[in-house]
Structures are given as C-alpha cells and as structure tokens.
>>> print(open('model-v6.cif').read())   # mmCIF, C-alpha atoms and all ligand atoms
data_query
loop_
_atom_site.label_atom_id
_atom_site.label_comp_id
_atom_site.auth_asym_id
_atom_site.auth_seq_id
_atom_site.Cartn_x
_atom_site.Cartn_y
_atom_site.Cartn_z
CA MET A 22 23.23 83.31 71.84
CA HIS A 23 23.59 80.86 74.69
CA TYR A 24 22.81 77.76 72.66
CA CYS A 25 24.72 74.55 72.15
CA ASP A 26 24.11 71.43 70.07
CA ASP A 27 26.09 69.33 67.59
CA SER A 28 25.75 71.72 64.63
CA LEU A 29 28.56 74.14 63.94
CA TYR A 30 26.33 76.38 61.80
CA ASP A 31 22.84 77.86 61.98
CA GLU A 32 21.12 75.41 59.60
CA THR A 33 17.72 75.46 61.34
CA LEU A 34 16.53 78.97 62.05
CA THR A 35 13.41 77.94 63.95
CA LEU A 36 15.51 75.98 66.42
CA LEU A 37 17.58 79.02 67.32
CA GLU A 38 15.33 82.04 67.11
CA ALA A 39 14.01 81.98 70.69
CA ASP A 40 17.53 81.92 72.15
CA PHE A 41 18.72 84.47 69.60
CA GLN A 42 16.01 86.88 70.76
CA TYR A 43 16.54 86.13 74.47
CA TYR A 44 20.21 87.05 74.14
CA TYR A 45 19.31 90.22 72.28
CA ASP A 46 16.72 91.25 74.87
CA CYS A 47 19.08 90.75 77.79
CA LEU A 48 22.36 92.03 76.42
CA MET A 49 21.86 94.03 73.23
CA GLY A 50 18.47 95.67 73.72
CA PRO A 51 19.73 97.97 76.48
CA ASN A 52 22.30 99.30 73.97
CA ALA A 53 19.99 99.42 70.96
CA ARG A 54 21.39 102.66 69.59
CA SER A 55 24.93 101.32 69.64
CA VAL A 56 23.67 98.23 67.80
CA LEU A 57 22.16 100.46 65.10
CA ALA A 58 25.40 102.41 64.78
CA ALA A 59 27.36 99.14 64.48
CA LEU A 60 24.96 97.83 61.84
CA LYS A 61 25.50 101.00 59.85
CA ARG A 62 29.24 100.51 60.01
CA ILE A 63 29.12 96.93 58.71
CA GLN A 64 26.68 97.80 55.93
CA PRO A 65 29.37 98.24 53.20
CA LEU A 66 30.87 94.83 53.97
CA THR A 67 30.06 91.66 52.09
CA ILE A 68 29.52 89.28 54.95
CA GLY A 69 30.23 85.59 54.47
CA GLN A 70 29.82 84.47 58.03
CA ILE A 71 29.35 85.90 61.50
CA ALA A 72 31.59 84.06 63.93
CA THR A 73 29.89 84.72 67.24
CA GLY A 74 31.77 84.32 70.53
CA HIS A 75 29.48 81.48 71.53
CA GLY A 76 26.48 79.72 70.02
CA PRO A 77 26.50 78.41 66.45
CA LEU A 78 28.32 80.33 63.72
CA LEU A 79 25.91 82.26 61.52
CA ARG A 80 26.05 81.54 57.79
CA HIS A 81 22.75 80.26 56.43
CA HIS A 82 20.34 83.06 57.38
CA LEU A 83 22.62 86.09 57.62
CA ALA A 84 20.21 88.64 56.14
CA ASP A 85 17.46 87.42 58.43
CA TRP A 86 19.53 87.56 61.61
CA ILE A 87 20.82 91.04 60.80
CA GLU A 88 17.36 92.30 59.90
CA ARG A 89 16.02 91.06 63.24
CA TYR A 90 18.70 93.03 65.11
CA ARG A 91 17.84 96.10 63.05
CA THR A 92 14.08 95.86 63.60
CA TRP A 93 14.32 95.18 67.34
CA SER A 94 16.85 97.96 67.81
CA GLU A 95 14.82 100.49 65.84
CA THR A 96 11.72 99.70 67.90
CA GLN A 97 13.70 99.99 71.12
CA ALA A 98 15.46 103.19 70.09
CA GLN A 99 12.26 104.98 69.10
CA ALA A 100 10.52 104.01 72.30
CA GLU A 101 11.71 106.51 74.82
CA PRO A 102 14.19 109.24 75.70
CA PHE A 103 17.59 108.00 76.76
CA VAL A 104 20.79 109.13 78.42
CA VAL A 105 24.28 108.33 77.19
CA ILE A 106 27.07 107.89 79.73
CA PHE A 107 30.65 108.29 78.45
CA TYR A 108 33.54 107.03 80.52
CA ALA A 109 37.07 105.78 80.02
CA ALA A 110 37.30 102.13 81.07
CA GLU A 111 40.16 101.00 83.27
CA TYR A 112 40.88 104.53 84.31
CA GLY A 113 40.46 105.73 87.88
CA PHE A 114 37.08 104.61 89.17
CA SER A 115 35.33 105.78 86.06
CA GLU A 116 33.53 102.53 85.35
CA ARG A 117 32.15 102.26 88.90
CA LEU A 118 30.76 105.79 88.79
CA ALA A 119 29.30 105.33 85.31
CA HIS A 120 27.59 102.19 86.56
CA THR A 121 26.11 103.75 89.72
CA ILE A 122 24.87 106.83 87.86
CA GLY A 123 23.30 104.41 85.38
CA GLN A 124 21.58 102.59 88.24
CA GLY A 125 20.07 105.85 89.43
CA LEU A 126 18.77 106.50 85.92
CA LEU A 127 17.26 103.02 85.70
CA LYS A 128 15.29 103.72 88.90
CA THR A 129 13.39 106.31 86.86
CA ASP A 130 12.88 103.84 84.01
CA THR A 131 15.18 105.83 81.73
CA ALA A 132 17.03 103.96 78.98
CA VAL A 133 20.81 104.21 79.30
CA GLU A 134 23.62 103.73 76.79
CA VAL A 135 27.04 103.32 78.38
CA VAL A 136 29.98 104.06 76.08
CA ASP A 137 33.67 103.48 76.74
CA MET A 138 35.44 106.43 75.09
CA LEU A 139 38.51 104.27 74.54
CA ASP A 140 36.49 101.79 72.50
CA THR A 141 34.22 103.77 70.21
CA ASP A 142 34.40 106.03 67.18
CA THR A 143 33.31 109.54 66.33
CA GLN A 144 30.43 108.40 64.09
CA THR A 145 28.82 106.37 66.89
CA VAL A 146 29.39 109.20 69.36
CA ARG A 147 27.81 111.79 67.03
CA GLU A 148 24.77 109.62 66.49
CA LEU A 149 24.25 108.96 70.19
CA VAL A 150 24.80 112.55 71.32
CA THR A 151 22.49 113.97 68.66
CA THR A 152 19.58 111.77 69.74
CA ALA A 153 20.12 111.58 73.53
CA THR A 154 18.05 113.64 75.96
CA GLY A 155 20.75 113.63 78.60
CA LEU A 156 24.54 113.26 78.64
CA VAL A 157 26.88 112.14 81.39
CA LEU A 158 30.59 112.49 80.85
CA GLY A 159 33.38 111.06 83.01
CA MET A 160 36.52 113.12 82.53
CA PRO A 161 39.02 111.08 80.53
CA PRO A 162 42.74 111.11 81.32
CA GLN A 163 44.84 113.56 79.31
CA THR A 164 47.38 110.73 79.10
CA ALA A 165 45.07 108.18 77.42
CA PRO A 166 46.81 105.66 75.11
CA VAL A 167 44.84 107.12 72.19
CA SER A 168 43.95 110.80 71.97
CA LEU A 169 40.37 111.38 73.06
CA GLU A 170 40.34 114.90 71.66
CA PRO A 171 38.29 113.84 68.56
CA ILE A 172 35.68 112.15 70.81
CA LEU A 173 35.40 115.18 73.11
CA SER A 174 35.14 117.56 70.15
CA THR A 175 32.42 115.39 68.63
CA ILE A 176 30.46 115.40 71.89
CA LEU A 177 30.72 119.20 72.10
CA ALA A 178 29.78 119.65 68.44
CA ALA A 179 26.71 117.39 68.64
CA ALA A 180 25.41 118.53 72.06
CA HIS A 181 22.37 120.81 71.94
CA PRO A 182 20.38 123.06 74.29
CA LYS A 183 17.49 120.63 74.78
CA GLN A 184 19.80 118.34 76.73
CA ALA A 185 20.92 118.06 80.34
CA ILE A 186 24.53 117.29 81.19
CA GLY A 187 26.26 115.78 84.23
CA LEU A 188 30.02 115.54 84.66
CA PHE A 189 32.22 113.47 86.94
CA GLU A 190 35.91 113.07 87.63
CA THR A 191 37.64 110.13 89.29
CA GLY A 192 41.29 110.07 88.44
CA GLY A 193 43.02 113.00 90.05
CA GLY A 194 45.52 115.40 88.51
CA GLN A 195 45.75 113.82 85.06
CA ASP A 196 42.15 114.33 84.00
CA GLU A 197 40.86 116.73 81.40
CA PRO A 198 39.89 119.74 83.53
CA ILE A 199 36.22 119.49 84.47
CA PHE A 200 35.17 123.12 85.03
CA PRO A 201 36.23 124.57 81.64
CA LEU A 202 34.27 121.74 80.03
CA ARG A 203 31.27 122.42 82.29
CA ASN A 204 31.40 126.07 81.16
CA ARG A 205 31.53 125.03 77.49
CA PHE A 206 28.38 122.95 77.90
CA GLN A 207 26.69 125.81 79.75
CA GLU A 208 27.56 128.20 76.92
CA LEU A 209 25.99 125.72 74.51
CA GLY A 210 22.78 126.01 76.56
CA LEU A 211 22.72 122.59 78.19
CA ARG A 212 21.12 122.31 81.59
CA ALA A 213 23.30 121.06 84.46
CA ALA A 214 21.63 117.85 85.69
CA PHE A 215 23.77 117.81 88.82
CA GLU A 216 26.85 119.56 90.19
CA PRO A 217 30.14 118.06 88.90
CA ILE A 218 31.05 115.00 90.98
CA LEU A 219 34.71 115.09 92.01
CA ILE A 220 36.14 111.86 93.44
CA LYS A 221 39.76 112.10 94.53
CA THR A 222 40.07 108.88 96.55
CA THR A 223 38.62 105.36 96.43
CA PRO A 224 34.82 105.60 96.10
CA THR A 225 32.83 104.57 99.17
CA GLU A 226 29.22 103.54 99.72
CA ALA A 227 28.49 107.22 100.27
CA THR A 228 29.92 108.11 96.86
CA ASP A 229 27.89 105.35 95.27
CA LYS A 230 24.73 106.76 96.87
CA LEU A 231 25.62 110.26 95.70
CA CYS A 232 26.11 109.02 92.13
CA GLU A 233 22.89 107.02 92.20
CA GLU A 234 20.93 110.05 93.42
CA ALA A 235 22.58 112.22 90.73
CA GLY A 236 21.47 109.68 88.10
CA THR A 237 17.94 109.66 89.50
CA ASP A 238 17.78 113.49 89.40
CA LEU A 239 18.81 113.43 85.74
CA GLY A 240 16.29 110.66 84.98
CA GLN A 241 13.46 112.59 86.63
CA TRP A 242 14.28 115.61 84.47
CA VAL A 243 14.46 113.49 81.30
CA ASN A 244 11.04 111.99 82.05
CA ARG A 245 9.30 115.13 83.31
CA ASP A 246 6.86 115.26 80.37
CA ARG A 247 5.95 111.59 80.69
CA THR A 248 5.41 111.96 84.46
CA LEU A 249 3.18 115.00 83.93
CA LYS A 250 1.15 113.25 81.24
CA GLN A 251 0.70 110.18 83.42
CA SER A 252 -0.44 112.20 86.41
CA LYS A 253 -3.01 114.02 84.23
CA SER A 254 -4.19 110.90 82.45
CA LEU A 255 -6.17 109.43 85.35
CA ASP A 256 -9.88 109.71 84.70
CA SER A 257 -11.15 112.45 87.00
CA ASP A 258 -14.03 110.52 88.64
CA LEU A 259 -11.81 107.56 89.33
CA GLY A 260 -8.97 109.82 90.48
CA GLN A 261 -11.19 111.73 92.88
CA ALA A 262 -12.77 108.60 94.29
CA LEU A 263 -9.37 106.99 94.82
CA GLY A 264 -8.24 110.26 96.38
CA ARG A 265 -10.77 109.71 99.18
CA LEU A 266 -8.43 107.09 100.65
CA SER A 267 -6.95 108.85 103.66
CA THR A 268 -3.93 107.86 105.68
CA GLY A 269 -1.59 109.05 108.41
CA LEU A 270 1.67 110.95 108.04
CA TYR A 271 5.03 109.41 108.75
CA ILE A 272 8.75 109.89 108.22
CA LEU A 273 10.67 106.83 107.15
CA THR A 274 14.31 106.96 108.24
CA ALA A 275 17.03 104.46 107.36
CA LYS A 276 20.74 104.10 108.02
CA LYS A 277 22.93 101.46 106.45
CA GLY A 278 26.68 101.63 107.09
CA ASP A 279 27.72 105.21 106.49
CA ILE A 280 24.70 106.22 104.47
CA SER A 281 21.33 107.41 105.64
CA SER A 282 18.15 108.68 104.08
CA ALA A 283 14.63 109.78 104.95
CA MET A 284 11.29 110.36 103.28
CA LEU A 285 7.88 111.73 104.16
CA ALA A 286 5.39 108.89 103.63
CA SER A 287 1.64 108.59 103.82
CA TRP A 288 1.00 105.30 102.03
CA VAL A 289 1.57 103.21 105.13
CA ILE A 290 -0.68 100.55 106.62
CA GLN A 291 -0.54 97.80 109.23
CA ALA A 292 -0.44 94.59 107.20
CA SER A 293 -0.29 91.73 109.73
CA VAL A 294 -0.89 91.10 113.42
CA GLN A 295 1.22 88.00 113.84
CA PRO A 296 4.03 88.70 113.24
CA PRO A 297 3.45 92.43 113.76
CA GLY A 298 3.95 93.81 110.26
CA LEU A 299 3.29 96.84 108.10
CA ALA A 300 3.50 97.82 104.43
CA VAL A 301 4.76 101.03 102.86
CA ALA A 302 4.44 102.03 99.19
CA VAL A 303 7.71 103.61 98.04
CA ALA A 304 8.03 105.15 94.58
CA LYS A 305 10.67 103.36 92.50
CA ASP A 306 12.74 106.53 92.07
CA ARG A 307 12.94 107.51 95.74
CA ALA A 308 16.41 108.03 97.18
CA ILE A 309 15.59 105.85 100.20
CA GLU A 310 14.45 102.96 97.99
CA SER A 311 17.93 101.46 97.71
CA LEU A 312 18.06 101.14 101.54
CA LEU A 313 14.85 99.10 101.65
CA HIS A 314 15.81 95.70 100.27
CA GLY A 315 15.26 92.32 101.97
CA GLY A 316 16.96 92.25 105.39
CA ASP A 317 17.40 96.04 105.54
CA THR A 318 16.09 97.90 108.57
CA PHE A 319 14.43 101.28 109.04
CA VAL A 320 12.38 103.31 111.50
CA LEU A 321 8.83 104.48 110.84
CA ASN A 322 8.34 107.75 112.74
CA VAL A 323 4.68 108.58 113.36
CA LEU A 324 3.92 112.30 113.07
CA GLU A 325 1.65 114.05 115.56
CA GLU A 326 -1.48 115.99 114.64
CA GLY A 327 -0.87 119.74 115.07
CA ASN A 328 2.89 119.24 115.40
CA TYR A 329 4.18 117.95 112.10
CA GLN A 330 4.53 121.00 109.81
CA ARG A 331 8.19 121.66 110.58
CA LEU A 332 9.27 118.06 109.97
CA MET A 333 7.09 117.77 106.88
CA LYS A 334 8.52 120.96 105.40
CA HIS A 335 12.07 119.88 106.17
CA PHE A 336 11.80 116.42 104.63
CA LEU A 337 9.99 117.68 101.54
CA LYS A 338 12.90 119.96 100.67
CA ARG A 339 14.65 119.14 97.43
CA PHE A 340 17.89 117.54 98.66
CA GLY A 341 20.87 117.49 96.31
CA PRO A 342 22.60 114.17 95.55
CA GLY A 343 24.26 112.76 98.67
CA ALA A 344 22.95 115.56 100.94
CA ASP A 345 22.60 114.93 104.70
CA ARG A 346 18.84 114.88 105.21
CA PHE A 347 19.10 115.07 109.01
CA GLU A 348 21.00 118.35 109.32
CA GLY A 349 19.25 120.55 111.90
CA ILE A 350 16.85 117.75 112.96
CA ALA A 351 17.01 116.31 116.47
CA SER A 352 17.29 112.53 116.35
CA TYR A 353 18.83 109.58 118.18
CA ALA A 354 19.68 106.09 117.03
CA ALA A 355 17.21 103.24 117.36
CA GLU A 356 18.48 99.76 118.25
CA ASN A 357 18.60 98.95 114.53
CA GLY A 358 20.74 102.07 113.95
CA SER A 359 18.19 104.17 112.03
CA PRO A 360 17.31 107.64 113.33
CA ILE A 361 14.34 108.17 115.64
CA LEU A 362 13.11 111.74 115.24
CA ALA A 363 12.85 113.44 118.64
CA GLU A 364 9.63 115.23 117.63
CA SER A 365 7.73 112.14 116.50
CA LEU A 366 4.68 110.84 118.35
CA ALA A 367 5.76 107.21 118.19
CA TYR A 368 8.27 105.07 116.34
CA LEU A 369 8.49 101.51 115.04
CA GLU A 370 11.69 99.60 114.27
CA CYS A 371 11.18 97.56 111.11
CA THR A 372 12.98 94.87 109.11
CA VAL A 373 12.14 94.46 105.42
CA THR A 374 11.10 90.93 104.52
CA HIS A 375 9.34 91.28 101.14
CA ARG A 376 9.17 93.68 98.20
CA LEU A 377 6.27 93.50 95.79
CA GLU A 378 6.41 95.37 92.49
CA ALA A 379 3.28 97.52 92.18
CA GLY A 380 3.43 99.64 89.00
CA ASP A 381 5.46 102.75 89.76
CA HIS A 382 5.92 101.84 93.46
CA TRP A 383 7.43 99.06 95.52
CA ILE A 384 5.27 97.70 98.31
CA ILE A 385 7.70 97.14 101.14
CA TYR A 386 6.40 94.65 103.71
CA CYS A 387 8.31 94.54 106.97
CA THR A 388 8.04 93.00 110.39
CA VAL A 389 8.13 95.30 113.39
CA LYS A 390 10.69 94.39 116.02
CA ALA A 391 10.18 97.19 118.55
CA GLY A 392 8.26 100.39 119.04
CA ARG A 393 7.39 103.05 121.56
CA VAL A 394 4.88 105.86 122.01
CA ALA A 395 6.48 109.11 123.15
CA LYS A 396 3.27 110.96 124.07
CA PRO A 397 0.41 108.71 125.22
CA VAL A 398 -2.27 111.39 124.64
CA GLY A 399 -1.17 112.57 121.19
CA LEU A 400 -3.07 111.71 117.98
CA THR A 401 -1.55 110.66 114.67
CA ALA A 402 -1.52 113.32 111.94
CA VAL A 403 -4.13 112.48 109.30
CA HIS A 404 -3.70 113.21 105.62
CA HIS A 405 -6.72 113.92 103.39
CA ARG A 406 -6.27 114.47 99.65
CA LYS A 407 -8.23 115.84 96.72
CA ALA A 408 -7.09 113.41 94.03
CA SER A 409 -5.18 110.16 93.73
CA ASN A 410 -2.38 111.42 91.48
CA HIS A 411 -0.89 113.27 94.43
CA TYR A 412 0.07 111.84 97.80
C1 LIG A 501 1.83 114.23 101.94
C2 LIG A 501 2.86 113.45 101.21
C3 LIG A 501 2.92 112.07 101.36
C4 LIG A 501 3.86 111.30 100.65
N1 LIG A 501 3.86 109.94 100.78
C5 LIG A 501 4.71 109.19 100.03
C6 LIG A 501 4.67 107.78 100.08
O1 LIG A 501 3.92 107.17 100.82
N2 LIG A 501 5.53 107.10 99.28
C7 LIG A 501 6.43 107.72 98.47
O2 LIG A 501 7.18 107.06 97.75
N3 LIG A 501 6.50 109.08 98.41
C8 LIG A 501 5.67 109.83 99.18
N4 LIG A 501 5.72 111.19 99.12
C9 LIG A 501 6.74 111.85 98.28
C10 LIG A 501 8.08 112.00 99.00
O3 LIG A 501 7.97 112.23 100.36
C11 LIG A 501 8.87 113.17 98.41
O4 LIG A 501 8.70 113.29 97.09
C12 LIG A 501 10.36 113.04 98.74
O5 LIG A 501 10.68 114.01 99.69
C13 LIG A 501 11.30 113.31 97.57
O6 LIG A 501 11.82 112.18 97.10
P1 LIG A 501 13.39 111.75 97.20
O7 LIG A 501 13.60 111.22 98.56
O8 LIG A 501 13.54 110.68 96.17
O9 LIG A 501 14.23 112.95 96.92
C14 LIG A 501 4.78 111.96 99.82
C15 LIG A 501 4.73 113.34 99.68
C16 LIG A 501 3.78 114.08 100.35
C17 LIG A 501 3.75 115.56 100.15
#
>>> encode(input="model-v6.cif", output="structure tokens")
Amino acid sequence: MHYCDDSLYDETLTLLEADFQYYYDCLMGPNARSVLAALKRIQPLTIGQIATGHGPLLRHHLADWIERYRTWSETQAQAEPFVVIFYAAEYGFSERLAHTIGQGLLKTDTAVEVVDMLDTDTQTVRELVTTATGLVLGMPPQTAPVSLEPILSTILAAAHPKQAIGLFETGGGQDEPIFPLRNRFQELGLRAAFEPILIKTTPTEATDKLCEEAGTDLGQWVNRDRTLKQSKSLDSDLGQALGRLSTGLYILTAKKGDISSAMLASWVIQASVQPPGLAVAVAKDRAIESLLHGGDTFVLNVLEEGNYQRLMKHFLKRFGPGADRFEGIASYAAENGSPILAESLAYLECTVTHRLEAGDHWIIYCTVKAGRVAKPVGLTAVHHRKASNHY
C-alpha cells in the first residue's frame, strides 16, 4: 500500500486497512484472477512475513490480509466475463499492442487480464484460459530466452468453442507463425474476434486506432448477452414515452493526425447561445469516441430530409478495425481538418470543451467555431422512433 509512518510492521490493522484496500482496488482488482492464481500457489507455504515493496511489512495480521485479497478477488472474478491478453514483454511492440487492444476492451466495460508470457506459469495460464470469454494472443518470438512452447500448448489445450480469439504479431520474421495458430484455434471452434493484426514496422497512431477498434469489437461480442438484456429491461411504458423524443439526423466526422472516423448521430442538441455550443451523446464504445476528448475538433454534418438514405446506409455499415470510413464518399476538409460531406445540408465546425459521463454514453459539449448552410431551402432530416432503447 502507499502508506508511510514510523512503524516498520503492521501493528495496527485499523490504521492501514483503507490504504490497503485502495491499493488493491487500483492495482490488483483489475487482475483479480491472477491474484487468485497467485494465492493458490502460495497456499502450501508457511508464511512468516510478507515483505511488500513499499508500505509497512506485514507480520501481525497475515491471515486477515490474505483473506481480504481472496474475498475481494473472488467477488471481482465472479462479477463479469473477461478477456485475457497474452503478450511477450520487451519483444517487438507487443506490449504497446496489448495495451491498446486492452483499451478498446475497456471502452465496452469488459474486464481485462494482461499476462506476460515470459513471466507466468502453466497453472495460471490454464486457469485464466479456462474461465475467460475471450482470448488475445500476441505471437511470441521463437527465440525467447525461455521456451514458450509449454505456455502455447496450455493455451491451446484449455481454449474452448465458447470463446472468441484475436491474434497479433509485432516482431517480424522471428515470431511463431500466426496463420497455423489461427487455423488451430478455428479447428477448436473458437470464433475469430478480428482478423490477425500484422505489424511489421513501428506502430503508428493508425495502428493504435486499429488495435483499439479490434479490442472494442471483441468486447462487444463478449458482452452481447448483457447488452441485449439491458436493452430489453427498460419498462415498456417508460421506454415508449422516452422514445417520443425526436431529433434530427447528423453525421459526425473527425480527423486527428493521420486517423479519421465518422458516425451517424441523432442525439444532438444546441446547448448554448453564447458561446454558440452544442451537445452530442456518444456511446462509450463508439470508434469515434477516442477522437472526442477536450480540445479535439470535429464537424457536425446536418443531413437533409429526403436526401440522407445513401449517407445513412453507408455510415451504418459494420466497418472492420481501422477501416477507412470515407471510401466512396465525397468530402472536403473543413478549416479544422475534419471532413465536410459534400451531400450534407449544412455543417458546423466544433471544438470539444467538456465531457460529461452519462451512464453508457458520454455527453460531449463543444463550442461551434464556424458553420455554413449549403442549401438555404432544404430542411433537416427528422428522426422519429418507436422506443428509447434504439436510436
Ligand atoms: C438513427 C440512428 C441514430 C444514431 N445516433 C447515435 C447517437 O446519437 N450516438 C451514438 O453514440 N450512436 C448513435 N447511433 C449508432 C451509431 O451510428 C452506429 O452504431 C455506428 O455506426 C457504429 O458504431 P462504431 O462507429 O463504433 O462502429 C445511431 C444509429 C442510428 C441508426
């Protein structure tokens, strides 16, 4: 724990427990299953003292401290489905990819366990793979300092058809070959969460975005039952009444450096007159979400009544991770760099100033720096719905 006073040991439990739990929540909780596996491994030992890296040494309440870790971890581990990401640290760009795929998973509120294959054991791996809903595997080097064959065999032996798998490669010629392994997982009946990601050179922002979107795709699959249940759970009277809120139809477009994204949006409203400002509700697991942080810019394209079907259909397509969403769509750059769609009725150039967490969405408030109407007589497309659990 991050705690410091004059005592070397943990004499007074009540003094330490809040910090002990805070440390667990921040650093151990996200890896609850690994904690359980570690606890199992130390079970045969007679423990005299736990010499922590920082904070007081633990000696006086050992059984209590250990039991707390066990209870918290069991609660955490039972809570929800999770994905385990295997990678080989300090090899290629494995760690960076593992991290960005993990970020994409976290956008869908999926628990993630990240495991360095060079610093684990077959028992932990078996336990994690047996209980995970999804697996991600970064190809390890064939020239690793210790043979990873036992780890790979354990993963293959414990994997089962109810899981999804995603593979990535970052090192180049020395890696375990990715496609034979992909075929093995397919034969075992696992579902491919995303196409194998092959990185031959230094990862860029575009690769990061691709990995994040791959992680989000996997997370959405892992949580499909929960999402369905939640969308059905809304009381029907309430849901129908809420569904009477009608809005316009818009395409949000954003470009940041080399990466761009777009989304069909209807939850959009003017939110201030001075300064001119508007708010958009963006689901937490949207691809474009990571381009809408404070200071980021985007364009809100207003769709025209009677002339929006083509754009709507295009932007509602299921785009693969990292796909170019503007292919085949006429657009030109706004002053802030984001695409203005040639077919839109009007556009507004926006700068994000605030993000408010609103359940499963972010409310993005932005100020509007510029705008133009392309067709003075056109009307905005209006969107009426039947129920509130759909847009
Ligand atoms: C009519 C309609 C309106 C939508 N409005 C919103 C919205 O306001 N906010 C949002 O987050 N998603 C909205 N969506 C969902 C996204 O446009 C859609 O799921 C997106 O294309 C896929 O998400 P992705 O960009 O993460 O792949 C809407 C969908 C439809 C059909």
>>> residues_around(input="model-v6.cif", residues="His404 (chain A)", least_positions_apart="3", cutoff="9 Å", atoms="only C-alpha atoms", output="NGL selection string")
:A and (267-270 or 287 or 412)
>>> residues_near_ligand(input="model-v6.cif", ligand="ligand LIG 501 (chain A)", cutoff="6 Å", atoms="all atoms listed in the file", output="PyMOL selection string")
chain A and resi 284-288+302-304+306-309+336-337+412
>>> closest_residue(input="model-v6.cif", among="A:Ile87, A:Arg205, A:Gly74, A:Pro51", to="Val135 (chain A)", atoms="all atoms listed in the file")
A:Pro51
>>> atom_distance(input="model-v6.cif", atom1="CA of Lys407 (chain A)", atom2="CA of Val243 (chain A)")
27.5 Å
>>> residues_around(input="model-v6.cif", residues="Ile172 (chain A)", least_positions_apart="3", cutoff="8 Å", atoms="only C-alpha atoms", output="list in words")
Met138, Asp142, Thr143, Val146, Leu169, Thr175 and Ile176 of chain A
>>> closest_residue(input="model-v6.cif", among="A:Thr401, A:Ser254, A:Thr374, A:Asn244", to="Glu325 (chain A)", atoms="only C-alpha atoms")
A:Thr401
>>> closest_residue(input="model-v6.cif", among="A:Gly343, A:Pro397, A:Gly349, A:Gly76", to="Leu366 (chain A)", atoms="all atoms listed in the file")
A:Pro397
>>> axis_aligned_box(input="model-v6.cif", around="region 207-215 of chain A", padding_each_side="3 Å", output="lines of an AutoDock Vina configuration file")
center_x = 24.3
center_y = 123.0
center_z = 81.7
size_x = 12.4
size_y = 16.4
size_z = 20.3
